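Shown here: work.txt, compact mmCIF, C-alpha atoms.
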```txt
# COMPACT_ATOMS: atom_id res chain seq x y z
CA MET A 18 -35.81 12.45 -13.03
CA GLN A 19 -34.42 15.09 -15.37
CA ARG A 20 -31.72 16.01 -12.87
CA SER A 21 -30.63 12.39 -12.30
CA ARG A 22 -30.41 11.88 -16.08
CA ILE A 23 -27.92 14.75 -16.30
CA LEU A 24 -26.01 13.99 -13.08
CA GLY A 25 -25.20 10.39 -14.10
CA PRO A 26 -23.11 11.26 -17.21
CA VAL A 27 -21.56 14.28 -15.42
CA GLY A 28 -20.47 11.94 -12.60
CA VAL A 29 -18.91 9.47 -15.05
CA VAL A 30 -17.03 12.26 -16.89
CA TRP A 31 -15.86 13.72 -13.55
CA PHE A 32 -14.70 10.26 -12.41
CA LEU A 33 -12.70 9.63 -15.60
CA LEU A 34 -11.19 13.12 -15.48
CA THR A 35 -10.21 12.62 -11.83
CA ILE A 36 -8.57 9.25 -12.53
CA GLY A 37 -6.64 10.88 -15.38
CA VAL A 38 -5.40 13.75 -13.20
CA ILE A 39 -4.40 11.39 -10.34
CA ALA A 40 -2.59 9.03 -12.75
CA TYR A 41 -0.67 11.95 -14.26
CA ALA A 42 0.08 13.40 -10.80
CA THR A 43 1.37 10.02 -9.59
CA ARG A 44 3.62 9.75 -12.64
CA LEU A 45 5.00 13.22 -11.89
CA ALA A 46 5.55 12.31 -8.22
CA LEU A 47 7.26 8.98 -8.83
CA LEU A 48 9.10 9.50 -12.10
CA ILE A 49 9.51 13.17 -12.96
CA ALA A 50 10.03 15.07 -9.69
CA PRO A 51 13.71 15.18 -8.64
CA THR A 52 14.98 13.05 -5.77
CA GLU A 53 15.25 15.11 -2.59
CA ALA A 54 18.86 15.60 -1.47
CA THR A 55 18.68 14.66 2.23
CA MET A 56 15.80 12.16 2.47
CA GLY A 57 16.11 10.47 -0.91
CA ASN A 58 13.17 8.71 -2.58
CA VAL A 59 11.12 8.33 0.61
CA GLN A 60 10.42 12.07 0.36
CA ARG A 61 8.07 11.21 -2.55
CA ILE A 62 5.49 10.19 0.09
CA PHE A 63 5.17 13.98 0.55
CA TYR A 64 3.23 14.27 -2.77
CA TYR A 65 0.40 12.13 -1.36
CA HIS A 66 0.79 12.95 2.34
CA VAL A 67 0.62 16.76 2.19
CA PRO A 68 -2.36 17.13 -0.24
CA THR A 69 -4.47 14.57 1.67
CA SER A 70 -3.51 16.22 4.99
CA MET A 71 -4.53 19.65 3.71
CA LEU A 72 -7.83 18.28 2.41
CA SER A 73 -8.48 16.43 5.68
CA LEU A 74 -8.56 19.87 7.33
CA LEU A 75 -11.06 21.26 4.80
CA PHE A 76 -13.77 18.56 4.85
CA PRO A 77 -14.48 19.06 8.59
CA TYR A 78 -15.68 22.57 7.72
CA VAL A 79 -18.30 21.10 5.36
CA ASN A 80 -19.38 18.93 8.28
CA PHE A 81 -19.36 21.95 10.62
CA ALA A 82 -21.45 24.14 8.26
CA ALA A 83 -23.90 21.29 7.56
CA SER A 84 -24.29 20.58 11.29
CA LEU A 85 -24.99 24.25 12.05
CA CYS A 86 -27.60 24.28 9.25
CA TYR A 87 -29.13 21.09 10.65
CA LEU A 88 -29.38 22.62 14.15
CA TYR A 89 -30.97 25.76 12.71
CA TRP A 90 -33.46 23.99 10.45
CA ARG A 91 -34.39 20.93 12.52
CA ARG A 92 -37.54 22.59 13.90
CA ARG A 93 -38.04 25.34 11.31
CA ASP A 94 -37.76 23.28 8.11
CA PRO A 95 -37.33 19.50 8.57
CA LEU A 96 -36.80 18.85 4.84
CA LYS A 97 -33.88 21.28 4.66
CA ALA A 98 -32.57 19.78 7.93
CA LEU A 99 -32.53 16.33 6.27
CA THR A 100 -30.48 17.71 3.38
CA ALA A 101 -28.02 19.32 5.83
CA ASP A 102 -27.82 16.07 7.80
CA ALA A 103 -26.94 14.13 4.62
CA TRP A 104 -24.08 16.55 3.93
CA ALA A 105 -22.93 16.24 7.56
CA ILE A 106 -22.56 12.44 7.59
CA THR A 107 -21.05 12.48 4.09
CA SER A 108 -18.33 14.99 4.99
CA ALA A 109 -17.57 13.23 8.30
CA GLU A 110 -16.88 9.96 6.46
CA VAL A 111 -14.69 11.65 3.85
CA THR A 112 -12.82 13.43 6.68
CA VAL A 113 -12.09 10.07 8.35
CA VAL A 114 -10.84 8.60 5.03
CA TYR A 115 -8.48 11.53 4.35
CA ALA A 116 -7.32 11.82 7.99
CA SER A 117 -6.59 8.07 8.10
CA ILE A 118 -4.42 8.40 4.98
CA CYS A 119 -2.68 11.43 6.48
CA LEU A 120 -1.82 9.52 9.68
CA TRP A 121 -0.82 6.30 7.91
CA THR A 122 1.42 7.89 5.23
CA GLY A 123 2.92 10.13 7.94
CA MET A 124 3.83 7.05 9.99
CA LEU A 125 5.42 5.35 6.97
CA TRP A 126 7.43 8.49 6.27
CA GLY A 127 8.36 8.94 9.96
CA ARG A 128 9.68 5.39 10.32
CA ALA A 129 11.96 5.83 7.30
CA ALA A 130 13.02 9.43 8.07
CA TRP A 131 13.13 9.54 11.90
CA GLY A 132 13.44 5.83 12.70
CA ILE A 133 10.16 5.84 14.70
CA TRP A 134 6.56 5.06 13.76
CA TRP A 135 5.01 7.54 16.17
CA THR A 136 5.83 10.30 18.65
CA TRP A 137 3.52 12.37 20.85
CA ASP A 138 4.40 15.51 18.96
CA ALA A 139 1.84 18.38 18.90
CA ARG A 140 0.90 17.97 15.21
CA LEU A 141 0.62 14.19 15.33
CA THR A 142 -1.35 14.19 18.59
CA SER A 143 -3.80 16.91 17.49
CA MET A 144 -4.32 15.09 14.16
CA LEU A 145 -4.96 11.80 15.95
CA LEU A 146 -7.46 13.65 18.16
CA LEU A 147 -9.21 15.00 15.05
CA TRP A 148 -9.43 11.48 13.61
CA LEU A 149 -10.81 10.14 16.92
CA LEU A 150 -13.42 12.92 17.09
CA TYR A 151 -14.79 12.12 13.63
CA VAL A 152 -14.66 8.37 14.24
CA SER A 153 -16.65 8.95 17.46
CA TYR A 154 -19.10 11.12 15.46
CA LEU A 155 -19.70 8.24 13.03
CA MET A 156 -19.92 5.68 15.88
CA LEU A 157 -22.49 7.86 17.65
CA ARG A 158 -24.61 8.04 14.51
CA LYS A 159 -24.28 4.32 13.88
CA LEU A 160 -24.84 2.96 17.40
CA SER A 161 -27.12 5.43 19.18
CA SER A 162 -30.82 4.66 18.86
CA THR A 163 -32.37 7.65 20.62
CA GLY A 164 -34.51 10.14 18.70
CA GLN A 165 -31.95 12.83 19.44
CA THR A 166 -28.99 11.11 17.72
CA HIS A 167 -28.75 13.57 14.82
CA THR A 168 -28.90 16.57 17.15
CA LEU A 169 -26.24 15.10 19.49
CA ALA A 170 -24.02 14.32 16.49
CA ALA A 171 -24.42 17.87 15.16
CA VAL A 172 -23.36 19.30 18.55
CA LEU A 173 -20.35 16.95 18.66
CA SER A 174 -19.42 18.11 15.16
CA VAL A 175 -19.35 21.75 16.29
CA PHE A 176 -16.88 20.82 19.06
CA ALA A 177 -14.82 18.63 16.69
CA ALA A 178 -14.37 21.57 14.30
CA ILE A 179 -12.53 23.47 17.05
CA ASP A 180 -9.65 21.00 16.71
CA VAL A 181 -9.07 21.88 13.03
CA PRO A 182 -7.34 25.28 13.58
CA ILE A 183 -5.35 23.72 16.45
CA VAL A 184 -4.04 21.01 14.08
CA TYR A 185 -3.22 23.63 11.45
CA MET A 186 -1.40 25.98 13.85
CA SER A 187 0.28 23.27 15.96
CA ILE A 188 3.52 23.28 13.95
CA GLN A 189 3.79 27.06 14.34
CA TRP A 190 2.80 27.24 18.01
CA TRP A 191 4.92 24.27 19.19
CA ARG A 192 8.13 23.44 17.35
CA THR A 193 8.63 19.75 18.08
CA GLN A 194 9.34 16.71 15.87
CA HIS A 195 7.10 17.41 12.86
CA PRO A 196 8.75 19.51 10.10
CA ALA A 197 7.90 23.23 9.92
CA PRO A 198 5.23 24.32 7.40
CA VAL A 199 6.38 23.90 3.80
CA PHE A 200 4.52 27.06 2.77
CA GLY A 201 4.77 30.22 4.85
CA GLY A 202 7.09 28.61 7.40
CA GLY A 203 9.88 31.18 7.29
CA PRO A 204 12.83 32.00 5.03
CA ASP A 205 13.98 28.36 4.64
CA SER A 206 10.54 26.97 3.87
CA GLY A 207 9.08 26.26 0.42
CA LEU A 208 9.52 23.77 -2.37
CA ASP A 209 12.03 23.64 -5.16
CA LYS A 210 10.42 24.90 -8.40
CA SER A 211 10.90 21.49 -10.05
CA MET A 212 8.71 19.87 -7.36
CA TYR A 213 5.71 22.18 -7.83
CA PRO A 214 4.03 20.38 -10.79
CA ALA A 215 3.88 17.06 -8.89
CA PHE A 216 2.55 18.78 -5.79
CA ILE A 217 -0.05 20.92 -7.59
CA PHE A 218 -1.37 18.07 -9.76
CA ASN A 219 -1.69 15.84 -6.68
CA ILE A 220 -3.59 18.42 -4.68
CA VAL A 221 -5.93 19.09 -7.64
CA GLY A 222 -6.40 15.35 -8.29
CA TRP A 223 -7.14 14.42 -4.68
CA ALA A 224 -9.44 17.44 -4.28
CA MET A 225 -11.39 16.30 -7.36
CA TRP A 226 -11.55 12.78 -5.91
CA GLY A 227 -12.80 14.18 -2.58
CA ILE A 228 -15.55 16.13 -4.36
CA LEU A 229 -16.53 12.97 -6.26
CA LEU A 230 -16.74 10.96 -3.00
CA LEU A 231 -18.76 13.73 -1.33
CA CYS A 232 -21.32 13.88 -4.16
CA PHE A 233 -21.61 10.11 -4.57
CA ARG A 234 -21.96 9.48 -0.82
CA TYR A 235 -24.46 12.36 -0.54
CA ALA A 236 -26.59 10.83 -3.30
CA LEU A 237 -26.52 7.50 -1.44
CA GLU A 238 -27.58 9.15 1.83
CA ARG A 239 -30.46 10.95 0.10
CA ARG A 240 -31.60 7.65 -1.40
CA ARG A 241 -31.50 6.06 2.08
CA GLN A 242 -33.49 8.95 3.55
CA ALA A 243 -36.11 8.57 0.80
CA ARG A 244 -36.36 4.83 1.60
CA GLU A 245 -36.80 5.57 5.31
CA GLN A 246 -39.52 8.13 4.51
CA ASP A 247 -41.21 5.53 2.31
CA ALA A 248 -41.17 2.97 5.11
CA ALA A 249 -42.53 5.54 7.60
CA LEU A 250 -45.29 6.52 5.19
CA LYS A 251 -46.31 2.89 4.67
CA ALA A 252 -46.40 2.37 8.45
CA ILE A 253 -48.69 5.41 8.85
CA GLU A 254 -50.95 4.21 6.04
CA ALA A 255 -51.13 0.74 7.62
CA SER A 256 -52.03 2.18 11.03
CA LEU A 257 -54.75 4.35 9.42
CA GLU A 258 -56.18 1.24 7.73
CA LEU A 259 -56.25 -0.54 11.08
CA ALA A 260 -57.98 2.42 12.74
CA LYS A 261 -60.86 2.34 10.19
CA MET B 25 14.18 7.42 -14.69
CA ASN B 26 12.47 4.04 -14.24
CA LEU B 27 10.44 2.56 -11.42
CA SER B 28 12.73 -0.39 -10.62
CA TRP B 29 14.07 1.27 -7.45
CA ILE B 30 10.61 1.25 -5.88
CA PHE B 31 10.61 -2.57 -5.85
CA GLY B 32 14.00 -2.70 -4.12
CA SER B 33 14.64 -4.22 -0.69
CA SER B 34 15.49 -1.02 1.19
CA MET B 35 13.17 0.33 3.88
CA GLU B 36 12.57 3.55 1.97
CA ALA B 37 11.51 1.61 -1.14
CA HIS B 38 9.11 -0.56 0.91
CA HIS B 39 7.59 2.41 2.70
CA LEU B 40 7.16 4.44 -0.47
CA LEU B 41 5.49 1.50 -2.23
CA TRP B 42 3.22 0.86 0.76
CA ALA B 43 2.28 4.53 1.07
CA TYR B 44 1.13 4.76 -2.55
CA LEU B 45 -0.58 1.33 -2.59
CA SER B 46 -2.41 1.92 0.68
CA VAL B 47 -3.74 5.30 -0.49
CA TRP B 48 -5.20 3.66 -3.61
CA LEU B 49 -6.59 0.78 -1.52
CA ILE B 50 -8.25 3.02 1.10
CA GLN B 51 -9.70 5.47 -1.44
CA GLY B 52 -10.72 2.76 -3.90
CA GLY B 53 -12.16 0.61 -1.11
CA TYR B 54 -14.30 3.46 0.22
CA CYS B 55 -15.54 4.32 -3.29
CA ALA B 56 -16.32 0.62 -3.93
CA TRP B 57 -18.24 0.44 -0.61
CA ILE B 58 -20.38 3.45 -1.63
CA ALA B 59 -21.01 1.87 -5.06
CA TRP B 60 -21.99 -1.45 -3.44
CA GLN B 61 -24.37 0.31 -1.03
CA TRP B 62 -25.79 2.33 -3.94
CA MET B 63 -26.58 -0.83 -5.89
CA HIS B 64 -28.17 -2.48 -2.82
CA THR B 65 -30.33 0.52 -1.85
CA PRO B 66 -33.37 0.51 -4.13
CA LYS B 67 -34.84 3.80 -5.26
CA SER B 68 -37.89 4.87 -3.29
CA SER B 69 -41.26 4.73 -5.03
CA ALA B 70 -41.75 8.45 -4.28
CA ALA B 71 -38.56 9.25 -6.19
CA ASP B 72 -39.98 7.53 -9.29
CA ASP B 73 -43.33 9.24 -9.01
CA PRO B 74 -43.06 12.88 -7.95
CA THR B 75 -46.86 13.12 -7.71
CA VAL B 76 -46.86 10.86 -4.64
CA SER B 77 -47.39 13.03 -1.62
CA ALA B 78 -45.78 12.54 1.77
CA ASN B 79 -49.15 13.39 3.31
CA PRO B 80 -51.42 10.31 3.47
CA GLU B 81 -54.45 12.60 3.84
CA ASP B 82 -53.99 13.96 0.27
```

Represent the supplied structure as structure tokens.
Amino acid sequence: MQRSRILGPVGVVWFLLTIGVIAYATRLALLIAPTEATMGNVQRIFYYHVPTSMLSLLFPYVNFAASLCYLYWRRRDPLKALTADAWAITSAEVTVVYASICLWTGMLWGRAAWGIWWTWDARLTSMLLLWLLYVSYLMLRKLSSTGQTHTLAAVLSVFAAIDVPIVYMSIQWWRTQHPAPVFGGGPDSGLDKSMYPAFIFNIVGWAMWGILLLCFRYALERRRQAREQDAALKAIEASLELAK
Amino acid sequence: MNLSWIFGSSMEAHHLLWAYLSVWLIQGGYCAWIAWQWMHTPKSSAADDPTVSANPED
């Protein structure tokens, strides 16, 4: 009770702070950052596309770590396993949200810059595969009714995490349609100094938003787990009454 | 610089507007879904009373 009394106001303050940072970052991206010389204003999609893409490659590792913890604890300590499982489903959902935005904003940018919505380029294909893996993870958890669902999902998550470094390295291993890495992509890579504030504020803002979603969704999952335990407990009590 | 160019009729203006709007819609929609679920998932009785044991034999 004490903890929830503190977490509520902290969550509200974090939410307001996050909205403030995102609003300021959006203003920088749309109004302050200079117009890019070759692509024009459509390049401003970059300020949302790149931060969400980078974050969509971080959240799968939360899912990966939580799934490993679940597999380790499921027989040793079921209560800790439940906590790990809540983090796993939470991070999988946030991964799907961020990966969807990455794919969608990339398509909007590609149509305006390349004249095509989609191409089977290494980066785009591996990112689509990542999205499909986490959507299948969520579908498995939603639709499967066996007692082993959580274990199967945790194993799938371990395999899904293998795709993350492939997505990250794809633009270095295979030089196809997608632009080279902006950072660390060779002598011509990098951003103009005047574009850094918009980029940095957007990555900070969307990271704060991601943390907010993770914590809020985790709290919801824990509440659901508590409800399920309640229902199971009542069923056991009812069966004991019947047995008397 | 003002924002009037973003409401122009060019493809780049449309795509930029859609990119920003859809990000807010997807993120806001997901957050609203969590909030809705939160309001429709009542707290468990055990959460209100920490003395309640999970073991019916206690």

Residues of chain A near chain B: apply a cut-off of 8 Å, count all atoms listed in the file, and supply the list as a tab-separated table (two decimals) with C-alpha atoms, in the frame of the given file.
```
chain	number	residue	atom	x	y	z
A	18	MET	CA	-35.81	12.45	-13.03
A	47	LEU	CA	7.26	8.98	-8.83
A	48	LEU	CA	9.10	9.50	-12.10
A	49	ILE	CA	9.51	13.17	-12.96
A	58	ASN	CA	13.17	8.71	-2.58
A	59	VAL	CA	11.12	8.33	0.61
A	61	ARG	CA	8.07	11.21	-2.55
A	62	ILE	CA	5.49	10.19	0.09
A	65	TYR	CA	0.40	12.13	-1.36
A	114	VAL	CA	-10.84	8.60	5.03
A	118	ILE	CA	-4.42	8.40	4.98
A	121	TRP	CA	-0.82	6.30	7.91
A	122	THR	CA	1.42	7.89	5.23
A	125	LEU	CA	5.42	5.35	6.97
A	126	TRP	CA	7.43	8.49	6.27
A	129	ALA	CA	11.96	5.83	7.30
A	230	LEU	CA	-16.74	10.96	-3.00
A	233	PHE	CA	-21.61	10.11	-4.57
A	234	ARG	CA	-21.96	9.48	-0.82
A	237	LEU	CA	-26.52	7.50	-1.44
A	240	ARG	CA	-31.60	7.65	-1.40
A	241	ARG	CA	-31.50	6.06	2.08
A	243	ALA	CA	-36.11	8.57	0.80
A	244	ARG	CA	-36.36	4.83	1.60
A	247	ASP	CA	-41.21	5.53	2.31
A	250	LEU	CA	-45.29	6.52	5.19
A	253	ILE	CA	-48.69	5.41	8.85
A	254	GLU	CA	-50.95	4.21	6.04
```

- [ ] Work out how far CA of Arg239 in chain A is from CA of Ala98 in chain A, in Å to one decimal.
- [x] 12.0 Å

Around range 92-103 of chain A, fit a box with edges along x, y and z, padding it by 6 Å on each side, then list its centre and edge lengths in Å to one decimal as JSON.
```
{"center_x": -32.5, "center_y": 19.7, "center_z": 8.6, "size_x": 23.1, "size_y": 23.2, "size_z": 22.5}
```

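From CA of Glu238 in chain A back to CA of Val172 in chain A, the distance works out to 20.0 Å.
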
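The nearest approach to Ala170 in chain A among the residues A:Tyr87, A:Tyr213, A:Trp135, A:Phe63, with all atoms listed in the file taken into account, belongs to A:Tyr87.
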
TODO: Go ahead and compute the interatomic distance for CA of Leu88 in chain A and CA of Met186 in chain A, in Å to one decimal.
DONE: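 Answer for the CA of Leu88 in chain A to CA of Met186 in chain A separation: 28.2 Å.
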
Give me the range 68-184 of chain A side of the contact with range 218-226 of chain A, cut-off 8 Å, one line per residue showing its nearest atom pair and distance in Å at one decimal, counting all atoms listed in the file, sorted by chain and residue number, as CSV.
```
residue,atom,partner,partner_atom,distance
A:Pro68,CA,A:Ile220,CA,4.8
A:Thr69,CA,A:Trp223,CA,6.9
A:Leu72,CA,A:Ala224,CA,6.9
```

Task: Shell of 7 Å around Ser84 in chain A, all atoms listed in the file, local chain residues under 5 positions omitted, as a PyMOL selection string - done: chain A and resi 101-102+105+171+174

Task: Residue nearest Ala130 in chain A - candidates A:Gln246, A:Ser256, A:Thr35, A:Gln194, atoms counted: only C-alpha atoms - done: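 Among A:Gln246, A:Ser256, A:Thr35, A:Gln194, it is A:Gln194 that comes nearest to Ala130 in chain A.
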
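The nearest approach to Arg158 in chain A among the residues A:Thr107, A:Ala252, A:Phe216, A:Pro51, with only C-alpha atoms taken into account, belongs to A:Thr107.
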
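Neighbours of Gly207 in chain A closer than or equal to 12 Å, with all atoms listed in the file counted and sequence neighbours fewer than 5 positions away skipped, come out as Pro196, Ala197, Pro198, Val199, Phe200, Gly201, Gly202, Met212, Tyr213 and Phe216 of chain A.
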
- [ ] Pick out the closest residue to Trp148 in chain A from this set: A:Phe176, A:Tyr115, A:Trp191, A:Trp131. Count only C-alpha atoms.
- [x]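 For Trp148 in chain A, the nearest of the candidates is A:Tyr115.
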